[in-house]
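Novice: Just passing along the structure, written as structure tokens.
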Amino acid sequence: MHNIDTIDKLLRDELAAKETYQQVLDKFREDASLGSVDYLQPIYEDHKEAVSSLQEQATQLGGTPTEDSGIWGTWSEIVQGGANMLGQKAALKALQEGEKTGADDYEEALQDPDLPAEVRSLIETKLLPAQQSHIRTLDRLYDTAA
């Protein structure tokens, strides 16, 4: 059951990320001057794919994957609400912080000696490298944002 809990924690992170990116993309599409949609859409798609992959892993291990981002989703809504009022730079900063938290959670999961090999492989080869790529993209966007 411990492995299901680990996957559920990662899944909640990814669900929150997906929700947050959707909100930011909607906001940026409303206000064309904010730009960055072309860079953020692929990150949103990566998070959608991560949700599917983690749900599949939870199911394979006999669990019922969570569909709720929980407290992280609530937190992301609060942060994003503030970022929407403050503008692009604040929104990008909120996304950066979320990506860094997600990367830390993946690193922490990899320290678990009982993590199933399939989940470890998924994190090492796909999820963590994607997270690190997202951080680099957001760093570049933040540095060039008005």
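By convention in this document, the chains of the structure tokens carry letters A, B, ... by their order, each chain's residues are numbered from 1, and ligands are numbered from 1 in the order they are shown.
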At a cut-off of 12 Å, using only C-alpha atoms, what residues contact Lys100 of chain A? Leave out same-chain residues fewer than 3 positions from it and give the result as number ranges by chain.

Specialist: A: 13, 17, 93-97, 103-107, 128, 130-136, 138-139

Novice: Between atom CA of Gly63 of chain A and atom CA of Ile123 of chain A, what distance in Å does the model show, to one decimal?

Specialist: 18.4 Å

Novice: State, in Å with one decimal place, the distance from atom CA of Lys48 of chain A to atom CA of Glu67 of chain A.

Specialist: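 Separating atom CA of Lys48 of chain A from atom CA of Glu67 of chain A is a distance of 12.2 Å.
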
Novice: Report the distance between atom CA of Leu10 of chain A and atom CA of Pro42 of chain A in Å, rounded to one decimal place.

Specialist: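 Pair atom CA of Leu10 of chain A / atom CA of Pro42 of chain A returns 19.5 Å.
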
Novice: Run DSSP on the backbone and give me the residues of chain A it puts in helix (DSSP H, G or I), as a PyMOL selection string.

Specialist: chain A and resi 2-30+32-34+37-60+70-86+88-110+117-144

Novice: For segment 53-56 of chain A, work out the shell of residues within 12 Å, counting only C-alpha atoms and skipping chain neighbours fewer than 6 positions away, then give it as a PDB file with C-alpha atoms, in the first residue's frame.

Specialist:
```
ATOM      1  CA  ASN A   3       3.769   2.358  -3.066  1.00  0.00           C
ATOM      2  CA  ILE A   4       0.205   3.406  -3.880  1.00  0.00           C
ATOM      3  CA  ASP A   5       0.555   6.286  -1.397  1.00  0.00           C
ATOM      4  CA  THR A   6       3.772   7.418  -3.092  1.00  0.00           C
ATOM      5  CA  ILE A   7       2.165   7.263  -6.537  1.00  0.00           C
ATOM      6  CA  ASP A   8      -0.933   9.076  -5.242  1.00  0.00           C
ATOM      7  CA  LYS A   9       1.228  11.900  -3.864  1.00  0.00           C
ATOM      8  CA  LEU A  10       2.962  12.271  -7.238  1.00  0.00           C
ATOM      9  CA  LEU A  11      -0.380  12.011  -9.001  1.00  0.00           C
ATOM     10  CA  ARG A  12      -1.855  14.806  -6.850  1.00  0.00           C
ATOM     11  CA  ASP A  13       1.165  16.962  -7.788  1.00  0.00           C
ATOM     12  CA  GLU A  14       0.570  16.281 -11.466  1.00  0.00           C
ATOM     13  CA  LEU A  15      -3.178  16.903 -11.219  1.00  0.00           C
ATOM     14  CA  ASP A  46       3.418  16.725 -20.471  1.00  0.00           C
ATOM     15  CA  HIS A  47       1.529  17.023 -17.183  1.00  0.00           C
ATOM     16  CA  GLY A  62      -3.961  -2.750  -7.501  1.00  0.00           C
ATOM     17  CA  GLY A  63      -4.835   0.734  -6.309  1.00  0.00           C
ATOM     18  CA  THR A  64      -7.521   3.179  -7.293  1.00  0.00           C
ATOM     19  CA  PRO A  65      -5.792   6.291  -8.619  1.00  0.00           C
ATOM     20  CA  THR A  66      -6.814   9.579  -7.097  1.00  0.00           C
ATOM     21  CA  GLU A  67      -8.621  12.051  -9.316  1.00  0.00           C
ATOM     22  CA  ASP A  68      -8.317  14.915  -6.852  1.00  0.00           C
ATOM     23  CA  TYR A 106      10.140  12.864  -7.680  1.00  0.00           C
ATOM     24  CA  GLU A 118       8.406   0.217 -13.323  1.00  0.00           C
ATOM     25  CA  VAL A 119       7.591   3.359 -11.339  1.00  0.00           C
ATOM     26  CA  ARG A 120      11.279   4.098 -10.730  1.00  0.00           C
ATOM     27  CA  SER A 121      11.976   3.746 -14.448  1.00  0.00           C
ATOM     28  CA  LEU A 122       9.036   6.002 -15.346  1.00  0.00           C
ATOM     29  CA  ILE A 123      10.303   8.702 -12.975  1.00  0.00           C
ATOM     30  CA  LYS A 126      10.375  10.392 -18.328  1.00  0.00           C
ATOM     31  CA  LEU A 127       8.777  12.295 -15.464  1.00  0.00           C
TER      32      LEU A 127
END
```

Novice: Could you tell me which of A:Tyr39, A:Ala16, A:Glu45, A:Phe28 comes closest to Thr137 of chain A if we count only C-alpha atoms?

Specialist: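 For Thr137 of chain A, the nearest of the given residues is A:Tyr39.
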
Novice: Residues within 7 Å of Tyr44 of chain A, please, as number ranges by chain. Count only C-alpha atoms; anything in the same chain fewer than 4 positions from it doesn't count.

Specialist: A: 18, 21, 40, 48

Novice: Taking C-alpha atoms for each residue, export the selection above as a JSON list (two decimals), in the first residue's frame.

Specialist:
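Final file, part_38.json:
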```json
[["chain", "number", "residue", "atom", "x", "y", "z"],
["A", 18, "LYS", "CA", -2.37, 20.25, -14.94],
["A", 21, "TYR", "CA", -1.37, 25.23, -16.32],
["A", 40, "LEU", "CA", 3.34, 26.56, -21.88],
["A", 48, "LYS", "CA", -1.61, 15.49, -18.74]]
```
